[in-house]
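Reproduced below: start-v8.txt, with compact mmCIF, C-alpha atoms.
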```txt
# COMPACT_ATOMS: atom_id res chain seq x y z
CA MET A 187 29.03 -2.10 1.84
CA LYS A 188 28.12 1.58 1.72
CA ILE A 189 24.60 2.60 0.70
CA ARG A 190 22.64 5.84 0.47
CA ALA A 191 19.39 6.05 2.39
CA ALA A 192 16.72 8.55 3.42
CA VAL A 193 16.83 8.42 7.21
CA LEU A 194 14.09 9.47 9.66
CA HIS A 195 15.61 10.75 12.90
CA GLN A 196 12.46 11.95 14.67
CA ALA A 197 8.75 12.44 14.10
CA GLN A 198 7.64 15.54 12.17
CA SER A 199 11.07 15.98 10.59
CA PRO A 200 12.11 15.65 6.94
CA LEU A 201 14.09 12.66 5.74
CA SER A 202 17.86 13.08 5.59
CA LEU A 203 19.91 11.54 2.74
CA GLU A 204 22.88 9.87 4.37
CA THR A 205 25.56 7.24 3.76
CA LEU A 206 25.09 4.07 5.84
CA ASP A 207 26.91 0.78 6.30
CA MET A 208 25.03 -2.39 5.33
CA GLU A 209 25.95 -5.91 6.38
CA PRO A 210 26.08 -8.66 3.74
CA PRO A 211 22.93 -10.82 3.44
CA ARG A 212 22.47 -13.65 5.90
CA ALA A 213 21.48 -17.15 4.77
CA ASP A 214 17.79 -16.31 4.35
CA GLU A 215 18.25 -12.76 3.03
CA VAL A 216 18.26 -11.20 -0.43
CA LEU A 217 20.24 -8.08 -1.36
CA VAL A 218 18.30 -5.95 -3.84
CA ARG A 219 19.58 -2.90 -5.70
CA MET A 220 16.62 -0.56 -5.74
CA VAL A 221 15.46 0.83 -9.07
CA ALA A 222 12.37 2.67 -7.84
CA THR A 223 10.08 2.84 -4.82
CA GLY A 224 6.64 4.26 -4.25
CA ILE A 225 5.68 6.59 -1.42
CA CYS A 226 2.69 5.34 0.56
CA HIS A 227 0.60 7.20 3.13
CA THR A 228 1.74 4.65 5.70
CA ASP A 229 5.26 6.03 5.29
CA ILE A 230 3.89 9.54 5.77
CA ALA A 231 1.89 8.48 8.83
CA MET A 232 5.04 7.00 10.38
CA MET A 233 6.82 10.30 9.79
CA SER A 234 3.99 12.32 11.28
CA ARG A 235 3.58 10.74 14.70
CA PRO A 236 5.82 9.09 17.29
CA PHE A 237 7.11 5.79 15.93
CA PRO A 238 6.64 2.65 18.05
CA VAL A 239 10.42 2.06 18.14
CA ASN A 240 13.49 4.24 18.55
CA GLN A 241 14.88 6.08 15.56
CA PRO A 242 16.85 6.50 13.34
CA ILE A 243 15.03 4.29 10.86
CA VAL A 244 14.81 3.90 7.07
CA LEU A 245 11.22 3.75 5.81
CA GLY A 246 9.87 2.82 2.37
CA HIS A 247 7.82 -0.26 1.48
CA GLU A 248 6.86 -0.17 -2.19
CA GLY A 249 10.19 -1.12 -3.72
CA ALA A 250 11.16 -2.53 -7.10
CA GLY A 251 14.71 -3.59 -7.85
CA VAL A 252 17.21 -6.13 -9.10
CA VAL A 253 18.62 -8.97 -6.99
CA GLU A 254 22.37 -8.60 -6.51
CA GLN A 255 23.14 -11.31 -3.98
CA VAL A 256 21.29 -14.13 -2.21
CA GLY A 257 21.99 -16.01 1.01
CA ALA A 258 22.85 -19.69 1.05
CA ALA A 259 19.31 -20.77 2.02
CA VAL A 260 17.52 -18.78 -0.71
CA ARG A 261 16.10 -21.08 -3.39
CA GLN A 262 13.59 -19.14 -5.51
CA LEU A 263 15.66 -16.10 -6.48
CA GLN A 264 19.05 -15.49 -8.04
CA PRO A 265 21.19 -12.49 -8.98
CA GLY A 266 19.73 -10.61 -11.92
CA ASP A 267 16.09 -11.32 -11.08
CA ARG A 268 13.81 -8.27 -11.08
CA VAL A 269 11.53 -8.17 -8.05
CA VAL A 270 8.74 -6.18 -6.44
CA LEU A 271 8.92 -6.00 -2.65
CA SER A 272 5.79 -6.33 -0.55
CA TYR A 273 4.90 -6.78 3.14
CA ASN A 274 6.68 -9.31 5.35
CA ALA A 275 5.23 -12.28 7.25
CA CYS A 276 6.62 -15.14 9.30
CA GLY A 277 5.35 -17.85 6.95
CA HIS A 278 4.67 -20.46 9.64
CA CYS A 279 1.84 -19.24 11.92
CA SER A 280 -1.77 -20.34 11.45
CA PRO A 281 -2.86 -17.38 9.24
CA CYS A 282 0.26 -17.74 7.08
CA ARG A 283 -0.36 -21.46 6.63
CA SER A 284 -3.97 -20.64 5.71
CA ARG A 285 -2.85 -18.27 2.91
CA ALA A 286 -3.87 -15.26 4.97
CA SER A 287 -0.38 -13.88 5.58
CA SER A 288 -1.53 -10.25 5.87
CA TYR A 289 -3.01 -11.34 9.23
CA CYS A 290 0.24 -13.01 10.37
CA HIS A 291 0.45 -13.33 14.15
CA TYR A 292 3.83 -11.60 13.91
CA PHE A 293 2.82 -8.93 11.39
CA PHE A 294 3.74 -6.03 13.67
CA GLY A 295 7.15 -7.43 14.54
CA SER A 296 7.88 -8.39 10.94
CA ASN A 297 6.97 -5.00 9.50
CA PHE A 298 7.26 -2.24 12.11
CA LEU A 299 9.97 -3.01 14.67
CA GLY A 300 12.81 -2.14 12.30
CA GLN A 301 14.98 -5.14 13.11
CA ARG A 302 15.53 -8.81 12.40
CA SER A 303 13.69 -11.40 14.50
CA ASP A 304 16.82 -11.82 16.67
CA GLY A 305 16.89 -8.07 17.42
CA SER A 306 19.85 -7.24 15.18
CA THR A 307 20.00 -4.58 12.48
CA ALA A 308 21.92 -4.74 9.21
CA LEU A 309 22.31 -0.96 8.92
CA SER A 310 24.55 1.30 10.95
CA GLN A 311 26.30 4.65 10.86
CA GLY A 312 29.47 5.34 12.78
CA GLY A 313 28.82 2.27 14.92
CA GLN A 314 25.25 3.32 15.80
CA ALA A 315 22.45 0.96 14.74
CA VAL A 316 19.96 2.27 12.17
CA ARG A 317 16.65 0.46 12.09
CA HIS A 318 15.54 -1.10 8.82
CA ARG A 319 13.25 -3.93 7.63
CA PHE A 320 10.29 -1.56 7.56
CA PHE A 321 7.69 -3.81 5.93
CA GLY A 322 10.58 -6.20 5.47
CA GLN A 323 12.41 -3.90 3.06
CA SER A 324 13.12 -0.23 4.02
CA SER A 325 13.23 0.71 0.34
CA PHE A 326 13.99 4.43 0.76
CA ALA A 327 17.57 3.45 0.02
CA THR A 328 19.80 2.46 -2.86
CA HIS A 329 19.88 -1.12 -1.54
CA SER A 330 17.53 -3.28 0.53
CA LEU A 331 17.85 -6.53 2.46
CA CYS A 332 14.64 -8.56 2.26
CA THR A 333 13.68 -12.25 2.14
CA GLU A 334 12.07 -14.60 -0.38
CA THR A 335 8.82 -14.18 1.52
CA ASN A 336 8.35 -10.56 0.47
CA ALA A 337 10.23 -10.46 -2.85
CA VAL A 338 8.02 -11.23 -5.86
CA LYS A 339 9.74 -12.10 -9.14
CA VAL A 340 8.58 -9.98 -12.09
CA PRO A 341 7.64 -11.73 -15.36
CA GLY A 342 10.34 -11.49 -18.01
CA ASP A 343 8.09 -9.82 -20.60
CA VAL A 344 7.63 -6.66 -18.50
CA PRO A 345 9.51 -3.78 -20.17
CA ASP A 346 11.81 -1.64 -18.02
CA PRO A 347 9.65 1.55 -18.18
CA LEU A 348 6.73 -0.42 -16.71
CA PHE A 349 9.00 -2.19 -14.21
CA GLN A 350 9.92 1.20 -12.72
CA MET A 351 6.22 1.71 -11.89
CA LEU A 352 5.60 -1.65 -10.23
CA GLY A 353 6.71 -0.87 -6.66
CA PRO A 354 3.29 0.43 -5.53
CA LEU A 355 1.79 -2.95 -6.43
CA GLY A 356 3.52 -4.16 -3.27
CA CYS A 357 1.22 -2.20 -0.95
CA GLY A 358 -1.09 0.62 -2.05
CA PHE A 359 -2.39 -0.93 -5.23
CA ILE A 360 -2.82 -4.47 -3.88
CA THR A 361 -4.63 -3.00 -0.88
CA GLY A 362 -7.29 -1.24 -2.98
CA ALA A 363 -7.60 -3.81 -5.75
CA GLY A 364 -7.44 -6.71 -3.32
CA ALA A 365 -10.18 -5.21 -1.15
CA MET A 366 -12.50 -5.45 -4.16
CA VAL A 367 -11.30 -8.66 -5.79
CA ASN A 368 -10.52 -10.76 -2.71
CA VAL A 369 -12.90 -9.47 -0.03
CA LEU A 370 -15.87 -7.35 -1.10
CA LYS A 371 -16.32 -9.07 -4.50
CA PRO A 372 -18.98 -6.90 -6.14
CA SER A 373 -21.00 -8.77 -8.74
CA MET A 374 -21.81 -7.39 -12.18
CA GLY A 375 -24.29 -4.56 -11.82
CA GLU A 376 -23.82 -4.09 -8.07
CA ALA A 377 -23.38 -0.52 -6.87
CA VAL A 378 -19.98 0.38 -5.37
CA ALA A 379 -18.96 3.54 -3.48
CA VAL A 380 -15.33 4.28 -2.68
CA PHE A 381 -14.62 6.91 -0.02
CA GLY A 382 -11.27 8.52 -0.81
CA SER A 383 -9.68 8.70 -4.26
CA GLY A 384 -6.01 8.38 -3.43
CA ALA A 385 -3.88 5.52 -4.74
CA VAL A 386 -5.76 2.87 -2.72
CA GLY A 387 -9.18 4.22 -3.69
CA MET A 388 -8.22 4.50 -7.36
CA ALA A 389 -7.00 0.90 -7.37
CA ALA A 390 -10.32 -0.17 -5.87
CA ILE A 391 -12.25 1.78 -8.52
CA MET A 392 -10.26 0.20 -11.37
CA ALA A 393 -10.76 -3.27 -9.89
CA ALA A 394 -14.50 -2.69 -9.40
CA ARG A 395 -14.79 -1.68 -13.03
CA ALA A 396 -12.92 -4.81 -14.13
CA LEU A 397 -15.41 -6.88 -12.12
CA GLY A 398 -18.36 -5.25 -13.88
CA ALA A 399 -19.79 -3.25 -10.95
CA HIS A 400 -22.15 -0.37 -11.74
CA PRO A 401 -22.61 2.34 -10.72
CA ILE A 402 -19.17 3.05 -9.28
CA ILE A 403 -19.17 6.20 -7.15
CA ALA A 404 -15.97 8.04 -6.19
CA ILE A 405 -16.14 10.29 -3.13
CA ASP A 406 -13.40 12.81 -2.34
CA ARG A 407 -12.76 16.48 -1.61
CA VAL A 408 -10.06 16.97 -4.29
CA ALA A 409 -11.66 17.82 -7.64
CA THR A 410 -8.69 16.75 -9.74
CA ARG A 411 -8.70 13.31 -8.15
CA LEU A 412 -12.40 12.92 -8.83
CA GLN A 413 -11.84 13.78 -12.48
CA THR A 414 -9.14 11.10 -12.69
CA ALA A 415 -11.46 8.62 -10.97
CA LEU A 416 -14.09 9.26 -13.64
CA GLU A 417 -11.50 8.62 -16.34
CA LEU A 418 -10.38 5.36 -14.73
CA GLY A 419 -13.72 3.70 -14.09
CA ALA A 420 -16.01 5.66 -11.80
CA SER A 421 -19.41 6.42 -13.27
CA HIS A 422 -20.24 9.14 -10.71
CA ALA A 423 -18.27 11.48 -8.46
CA ILE A 424 -19.28 13.24 -5.25
CA ASP A 425 -17.20 16.26 -4.21
CA THR A 426 -17.60 16.53 -0.45
CA LEU A 427 -16.50 20.18 -0.51
CA LYS A 428 -19.51 20.99 -2.69
CA THR A 429 -22.00 18.52 -1.20
CA SER A 430 -23.45 19.15 2.24
CA ASP A 431 -25.02 15.67 2.56
CA THR A 432 -22.96 12.82 1.14
CA LEU A 433 -25.54 10.17 2.04
CA ALA A 434 -28.28 12.07 0.23
CA ALA A 435 -26.06 12.38 -2.82
CA LEU A 436 -25.43 8.64 -2.74
CA GLN A 437 -29.13 7.91 -2.39
CA ALA A 438 -29.86 10.02 -5.45
CA ILE A 439 -27.55 7.75 -7.45
CA ALA A 440 -28.51 4.43 -5.80
CA PRO A 441 -31.98 4.84 -4.22
CA GLN A 442 -32.03 1.34 -2.70
CA GLY A 443 -28.57 1.74 -1.18
CA VAL A 444 -25.11 0.64 -2.23
CA GLN A 445 -24.14 -3.02 -2.17
CA VAL A 446 -20.42 -2.44 -1.59
CA THR A 447 -18.60 0.46 0.10
CA LEU A 448 -14.92 0.89 0.84
CA ASP A 449 -13.48 3.52 3.17
CA THR A 450 -9.83 4.40 2.51
CA THR A 451 -9.68 7.55 4.66
CA ALA A 452 -9.13 6.09 8.16
CA VAL A 453 -11.58 8.72 9.44
CA SER A 454 -14.25 7.18 11.67
CA ALA A 455 -16.95 9.68 10.64
CA VAL A 456 -16.40 8.77 6.99
CA LEU A 457 -16.44 5.05 7.82
CA ARG A 458 -19.80 5.56 9.53
CA GLN A 459 -21.12 7.10 6.31
CA ALA A 460 -19.84 4.12 4.34
CA LEU A 461 -21.69 1.76 6.70
CA ASP A 462 -24.89 3.83 6.70
CA ALA A 463 -24.95 3.95 2.89
CA LEU A 464 -25.24 0.17 2.53
CA ALA A 465 -28.26 -1.57 1.07
CA PRO A 466 -29.62 -4.65 2.87
CA LEU A 467 -26.94 -7.38 2.95
CA GLY A 468 -24.38 -4.81 1.85
CA ARG A 469 -20.65 -5.16 2.55
CA CYS A 470 -18.49 -2.35 3.92
CA GLY A 471 -14.71 -2.70 3.99
CA PHE A 472 -12.16 -0.32 5.45
CA VAL A 473 -8.41 0.08 5.19
CA GLY A 474 -5.88 2.60 6.46
CA GLY A 475 -4.05 3.17 9.69
CA ALA A 476 -6.38 5.01 12.03
CA PRO A 477 -4.64 6.20 15.22
CA LEU A 478 -4.59 3.71 18.08
CA GLY A 479 -7.79 3.89 20.11
CA THR A 480 -9.98 5.33 17.33
CA GLN A 481 -13.61 4.43 18.07
CA LEU A 482 -16.54 3.82 15.72
CA GLU A 483 -20.12 4.22 16.90
CA VAL A 484 -22.63 2.21 14.85
CA ASP A 485 -26.39 1.87 14.75
CA VAL A 486 -26.57 -1.73 15.95
CA ARG A 487 -30.25 -2.13 15.05
CA ASP A 488 -29.65 -0.90 11.50
CA VAL A 489 -26.68 -3.24 11.02
CA MET A 490 -28.59 -6.22 12.40
CA LEU A 491 -31.93 -5.73 10.64
CA LYS A 492 -30.31 -5.06 7.27
CA GLY A 493 -27.71 -7.82 7.57
CA LYS A 494 -24.83 -5.44 6.93
CA THR A 495 -21.21 -6.58 7.08
CA LEU A 496 -18.30 -4.45 8.33
CA ARG A 497 -14.86 -5.83 7.52
CA GLY A 498 -11.36 -4.56 8.23
CA ILE A 499 -8.92 -5.35 5.40
CA VAL A 500 -5.13 -5.54 5.58
CA GLU A 501 -3.09 -5.46 2.34
CA GLY A 502 -6.18 -6.40 0.36
CA ASP A 503 -6.12 -9.94 1.78
CA ALA A 504 -3.59 -10.48 -1.01
CA GLN A 505 -0.94 -13.14 -1.38
CA PRO A 506 1.70 -10.99 -3.11
CA HIS A 507 3.32 -13.84 -5.08
CA VAL A 508 -0.07 -14.53 -6.69
CA PHE A 509 -1.81 -11.17 -6.76
CA ILE A 510 1.01 -8.90 -7.96
CA PRO A 511 1.51 -10.92 -11.19
CA THR A 512 -2.29 -10.88 -11.61
CA LEU A 513 -2.36 -7.07 -11.45
CA ILE A 514 0.53 -6.89 -13.94
CA ARG A 515 -1.43 -9.05 -16.37
CA MET A 516 -4.53 -6.91 -15.84
CA HIS A 517 -2.48 -3.81 -16.65
CA GLN A 518 -1.13 -5.42 -19.82
CA ALA A 519 -4.72 -6.20 -20.81
CA GLY A 520 -5.78 -2.59 -20.28
CA GLN A 521 -7.89 -3.39 -17.21
CA PHE A 522 -5.74 -1.80 -14.52
CA PRO A 523 -4.10 1.40 -15.87
CA PHE A 524 -2.27 2.37 -12.69
CA ASP A 525 0.40 4.14 -14.75
CA ARG A 526 -2.10 7.04 -14.98
CA LEU A 527 -1.59 7.70 -11.26
CA VAL A 528 2.20 7.86 -11.22
CA ARG A 529 4.65 10.75 -11.13
CA PHE A 530 8.41 10.17 -10.93
CA TYR A 531 10.88 12.00 -8.69
CA ASP A 532 14.64 11.66 -8.27
CA PHE A 533 15.88 10.22 -4.97
CA GLU A 534 17.16 13.67 -3.98
CA GLN A 535 13.57 14.98 -4.33
CA ILE A 536 12.08 12.55 -1.82
CA ASN A 537 10.89 15.23 0.62
CA GLU A 538 9.28 17.16 -2.25
CA ALA A 539 7.53 13.96 -3.34
CA ILE A 540 6.24 13.40 0.20
CA ALA A 541 4.92 16.97 0.34
CA ASP A 542 3.11 16.48 -2.99
CA ALA A 543 1.54 13.26 -1.71
CA ARG A 544 0.41 15.00 1.48
CA SER A 545 -1.22 17.85 -0.44
CA GLY A 546 -2.93 15.55 -2.92
CA GLN A 547 -1.03 17.10 -5.84
CA THR A 548 0.41 13.68 -6.73
CA ILE A 549 -1.62 10.51 -6.29
CA LYS A 550 1.30 8.09 -6.37
CA PRO A 551 4.85 9.48 -6.23
CA ILE A 552 7.61 7.09 -7.25
CA ILE A 553 11.24 7.71 -6.39
CA ARG A 554 13.78 6.61 -9.00
CA PHE A 555 17.39 5.74 -8.18
CA HIS A 556 20.10 6.44 -10.72
```
Encoded form (structure tokens):
Amino acid sequence: MKIRAAVLHQAQSPLSLETLDMEPPRADEVLVRMVATGICHTDIAMMSRPFPVNQPIVLGHEGAGVVEQVGAAVRQLQPGDRVVLSYNACGHCSPCRSRASSYCHYFFGSNFLGQRSDGSTALSQGGQAVRHRFFGQSSFATHSLCTETNAVKVPGDVPDPLFQMLGPLGCGFITGAGAMVNVLKPSMGEAVAVFGSGAVGMAAIMAARALGAHPIIAIDRVATRLQTALELGASHAIDTLKTSDTLAALQAIAPQGVQVTLDTTAVSAVLRQALDALAPLGRCGFVGGAPLGTQLEVDVRDVMLKGKTLRGIVEGDAQPHVFIPTLIRMHQAGQFPFDRLVRFYDFEQINEAIADARSGQTIKPIIRFH
């Protein structure tokens, strides 16, 4: 079949809307007609630096759509089902069997190589292979081939306007919310500081508020984001463009230190601040794709004597088939108002949406297909 896709041909170049050929689904594959897809900073990072595999490739990994066709081995989905697409995993290695699939031994190959496990690709143009399966989906396209592993069925009571906003639950929002709910687990009344108020940071702030943390401190250099953070659950905001000493500002709010910090910036100097800000027995988590080889220098004595914990977090330690429906229910209960972060763009505006995400003008762009 013919599909339309936004194709990346080389690093530092805009996406090109092109017509591609797509193979029919294999036995374990699911063909999904995309309704909407979020733009994540991981997509932008992949566009900004040399990709680990040859291009062209179709990116996109926060998709929401309707199942059109399923392979013979698919059991849990059928045509007509509405789904949110999340990250891919092998399903059979030790972490996957331990319900820790975001640490799958084959996570890189399943999400970044742009091909099936046998090396084949389902997309092509004029006989030339086009890589796909980015995060198991490549949702910057009118259609996606995924598997049951990374396609989460949406509850039937979700109205269509909300369904169009659900794609970011597949990555950005489960990363931030999951970091709080599944890993850092602030107790009621514990102080939380979130470094970076993009989509991931905002999700973490909303989740921390739902858990009863206080104070909740948002730290960013974009004033409009900080204002939104205050509206969505933060009790305090620190503007790093107006504050010369972030740690001193934190200490003024939480004199004994902060029990939980989360760095979403992927900047090692900021991560060091998040670690230094911890109270005794505090927990620091970090997410985001820092460039390969990025180093972090820590005060070993401080970390040891205060019993601090530093923890890397991938996809919020979330099991998508469990956590995505949980976040939907939280939204319906008014506890996770992620719709406040969303701005819609037409598919033809995808490069404009990426530019707005880069500048911070839009926290979570969502591309709609018509």
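We find atom CA of Val386 of chain A and atom CA of Phe294 of chain A to be spaced 20.9 Å apart.
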Please identify all polymer residues within 12 Å of Leu201 of chain A, counting all atoms listed in the file, omitting same-chain residues fewer than 3 positions from it, and present them as a PyMOL selection string. chain A and resi 191-198+204+229-230+232-234+241-246+326-327+533-541
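Of the residues listed (A:Gly257, A:Gly471, A:Pro441, A:Pro281), A:Gly471 shows the shortest atom-to-atom separation from Gly498 of chain A; distances use only C-alpha atoms.
Closest approach to Glu483 of chain A among A:Ile424, A:Leu461, A:Arg497, A:Pro347 is made by A:Leu461 (distances from all atoms listed in the file).
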Atom-to-atom span, atom CA of Ser330 of chain A and atom CA of Ala259 of chain A, Å: 17.6 Å
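Distances to Gly479 of chain A were evaluated for A:Val528, A:Ser454, A:Leu448, A:Ser199 using only C-alpha atoms, and the minimum falls at A:Ser454.
Distance-wise, atom CA of Asp488 of chain A and atom CA of Val500 of chain A end up 25.6 Å apart.
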Applying 8 Å and all atoms listed in the file, which residues near Gln459 of chain A remain after dropping the ones on its own chain fewer than 3 positions away? List them as number ranges by chain. A: 432-433, 455-456, 462-463
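With all atoms listed in the file taken into account, every residue lying no more than 9 Å from the file point (24.9, 4.7, -1.4) is included here: Met187, Lys188, Ile189, Arg190, Ala191, Glu204, Thr205, Leu206, Asp207, Ala327, Thr328 and His329 of chain A.
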Would you mind listing what lies within 9 Å of Lys492 of chain A as a PDB file with C-alpha atoms, in the frame of the given file, with only C-alpha atoms counted and same-chain residues fewer than 6 positions away left out?
```
ATOM      1  CA  LEU A 464     -25.240   0.170   2.530  1.00  0.00           C
ATOM      2  CA  ALA A 465     -28.260  -1.570   1.070  1.00  0.00           C
ATOM      3  CA  PRO A 466     -29.620  -4.650   2.870  1.00  0.00           C
ATOM      4  CA  LEU A 467     -26.940  -7.380   2.950  1.00  0.00           C
ATOM      5  CA  GLY A 468     -24.380  -4.810   1.850  1.00  0.00           C
TER       6      GLY A 468
END
```
Starting from the point (-23.4, 0.6, -15.0), work out which residues of protein, DNA or RNA have an atom no more than 10 Å away when counting only C-alpha atoms; state them as number ranges by chain. A: 374-377, 395, 398-402, 420-421
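If all atoms listed in the file are the atoms counted, then among A:Ile549, A:Val340, A:Leu299, A:Cys290 the closest residue to Arg317 of chain A is A:Leu299.
The residue that comes closest to Tyr292 of chain A, out of A:Leu412, A:Val269, A:Cys279, A:Leu263 and on the basis of only C-alpha atoms, is A:Cys279.
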Of the listed residues A:Gln350, A:Ser303, A:Ser324, A:Thr429, that which approaches Ile552 of chain A most closely, counting only C-alpha atoms: A:Gln350
Shell of 10 Å around Leu513 of chain A, only C-alpha atoms, local chain residues under 5 positions omitted, as a PyMOL selection string: chain A and resi 352+355+359-360+363-364+393+508+518-519+521-524
Output segment 434-456 of chain A as a PDB file, keeping the file's coordinate frame, making sure N, CA and C atoms are there.
```pdb
ATOM      1  N   ALA A 434     -27.200  11.694   1.130  1.00  0.00           N
ATOM      2  CA  ALA A 434     -28.280  12.070   0.230  1.00  0.00           C
ATOM      3  C   ALA A 434     -27.824  12.016  -1.226  1.00  0.00           C
ATOM      4  N   ALA A 435     -26.599  12.438  -1.467  1.00  0.00           N
ATOM      5  CA  ALA A 435     -26.060  12.380  -2.820  1.00  0.00           C
ATOM      6  C   ALA A 435     -25.928  10.939  -3.294  1.00  0.00           C
ATOM      7  N   LEU A 436     -25.508  10.054  -2.397  1.00  0.00           N
ATOM      8  CA  LEU A 436     -25.430   8.640  -2.740  1.00  0.00           C
ATOM      9  C   LEU A 436     -26.812   8.060  -3.030  1.00  0.00           C
ATOM     10  N   GLN A 437     -27.790   8.437  -2.218  1.00  0.00           N
ATOM     11  CA  GLN A 437     -29.130   7.910  -2.390  1.00  0.00           C
ATOM     12  C   GLN A 437     -29.745   8.359  -3.719  1.00  0.00           C
ATOM     13  N   ALA A 438     -29.366   9.542  -4.163  1.00  0.00           N
ATOM     14  CA  ALA A 438     -29.860  10.020  -5.450  1.00  0.00           C
ATOM     15  C   ALA A 438     -29.339   9.165  -6.599  1.00  0.00           C
ATOM     16  N   ILE A 439     -28.143   8.599  -6.411  1.00  0.00           N
ATOM     17  CA  ILE A 439     -27.550   7.750  -7.450  1.00  0.00           C
ATOM     18  C   ILE A 439     -28.032   6.304  -7.307  1.00  0.00           C
ATOM     19  N   ALA A 440     -28.094   5.804  -6.075  1.00  0.00           N
ATOM     20  CA  ALA A 440     -28.510   4.430  -5.800  1.00  0.00           C
ATOM     21  C   ALA A 440     -29.622   4.459  -4.760  1.00  0.00           C
ATOM     22  N   PRO A 441     -30.869   4.645  -5.169  1.00  0.00           N
ATOM     23  CA  PRO A 441     -31.980   4.840  -4.220  1.00  0.00           C
ATOM     24  C   PRO A 441     -32.179   3.711  -3.225  1.00  0.00           C
ATOM     25  N   GLN A 442     -31.847   2.484  -3.598  1.00  0.00           N
ATOM     26  CA  GLN A 442     -32.030   1.340  -2.700  1.00  0.00           C
ATOM     27  C   GLN A 442     -30.810   1.093  -1.804  1.00  0.00           C
ATOM     28  N   GLY A 443     -29.798   1.936  -1.946  1.00  0.00           N
ATOM     29  CA  GLY A 443     -28.570   1.740  -1.180  1.00  0.00           C
ATOM     30  C   GLY A 443     -27.485   1.138  -2.052  1.00  0.00           C
ATOM     31  N   VAL A 444     -26.283   1.130  -1.516  1.00  0.00           N
ATOM     32  CA  VAL A 444     -25.110   0.640  -2.230  1.00  0.00           C
ATOM     33  C   VAL A 444     -24.747  -0.745  -1.708  1.00  0.00           C
ATOM     34  N   GLN A 445     -24.463  -1.664  -2.621  1.00  0.00           N
ATOM     35  CA  GLN A 445     -24.140  -3.020  -2.170  1.00  0.00           C
ATOM     36  C   GLN A 445     -22.746  -3.140  -1.562  1.00  0.00           C
ATOM     37  N   VAL A 446     -21.812  -2.352  -2.060  1.00  0.00           N
ATOM     38  CA  VAL A 446     -20.420  -2.440  -1.590  1.00  0.00           C
ATOM     39  C   VAL A 446     -19.891  -1.025  -1.354  1.00  0.00           C
ATOM     40  N   THR A 447     -19.302  -0.798  -0.175  1.00  0.00           N
ATOM     41  CA  THR A 447     -18.600   0.460   0.100  1.00  0.00           C
ATOM     42  C   THR A 447     -17.216   0.136   0.636  1.00  0.00           C
ATOM     43  N   LEU A 448     -16.290   1.029   0.331  1.00  0.00           N
ATOM     44  CA  LEU A 448     -14.920   0.890   0.840  1.00  0.00           C
ATOM     45  C   LEU A 448     -14.458   2.248   1.329  1.00  0.00           C
ATOM     46  N   ASP A 449     -14.041   2.295   2.601  1.00  0.00           N
ATOM     47  CA  ASP A 449     -13.480   3.520   3.170  1.00  0.00           C
ATOM     48  C   ASP A 449     -11.966   3.423   3.183  1.00  0.00           C
ATOM     49  N   THR A 450     -11.295   4.377   2.538  1.00  0.00           N
ATOM     50  CA  THR A 450      -9.830   4.400   2.510  1.00  0.00           C
ATOM     51  C   THR A 450      -9.261   5.561   3.299  1.00  0.00           C
ATOM     52  N   THR A 451     -10.117   6.303   4.028  1.00  0.00           N
ATOM     53  CA  THR A 451      -9.680   7.550   4.660  1.00  0.00           C
ATOM     54  C   THR A 451      -9.141   7.393   6.071  1.00  0.00           C
ATOM     55  N   ALA A 452      -9.494   6.296   6.753  1.00  0.00           N
ATOM     56  CA  ALA A 452      -9.130   6.090   8.160  1.00  0.00           C
ATOM     57  C   ALA A 452      -9.732   7.150   9.068  1.00  0.00           C
ATOM     58  N   VAL A 453     -10.848   7.753   8.642  1.00  0.00           N
ATOM     59  CA  VAL A 453     -11.580   8.720   9.440  1.00  0.00           C
ATOM     60  C   VAL A 453     -12.883   8.073   9.876  1.00  0.00           C
ATOM     61  N   SER A 454     -13.107   7.950  11.185  1.00  0.00           N
ATOM     62  CA  SER A 454     -14.250   7.180  11.670  1.00  0.00           C
ATOM     63  C   SER A 454     -15.588   7.754  11.207  1.00  0.00           C
ATOM     64  N   ALA A 455     -15.701   9.085  11.099  1.00  0.00           N
ATOM     65  CA  ALA A 455     -16.950   9.680  10.640  1.00  0.00           C
ATOM     66  C   ALA A 455     -17.254   9.293   9.199  1.00  0.00           C
ATOM     67  N   VAL A 456     -16.215   9.187   8.389  1.00  0.00           N
ATOM     68  CA  VAL A 456     -16.400   8.770   6.990  1.00  0.00           C
ATOM     69  C   VAL A 456     -16.762   7.286   6.946  1.00  0.00           C
TER      70      VAL A 456
END
```
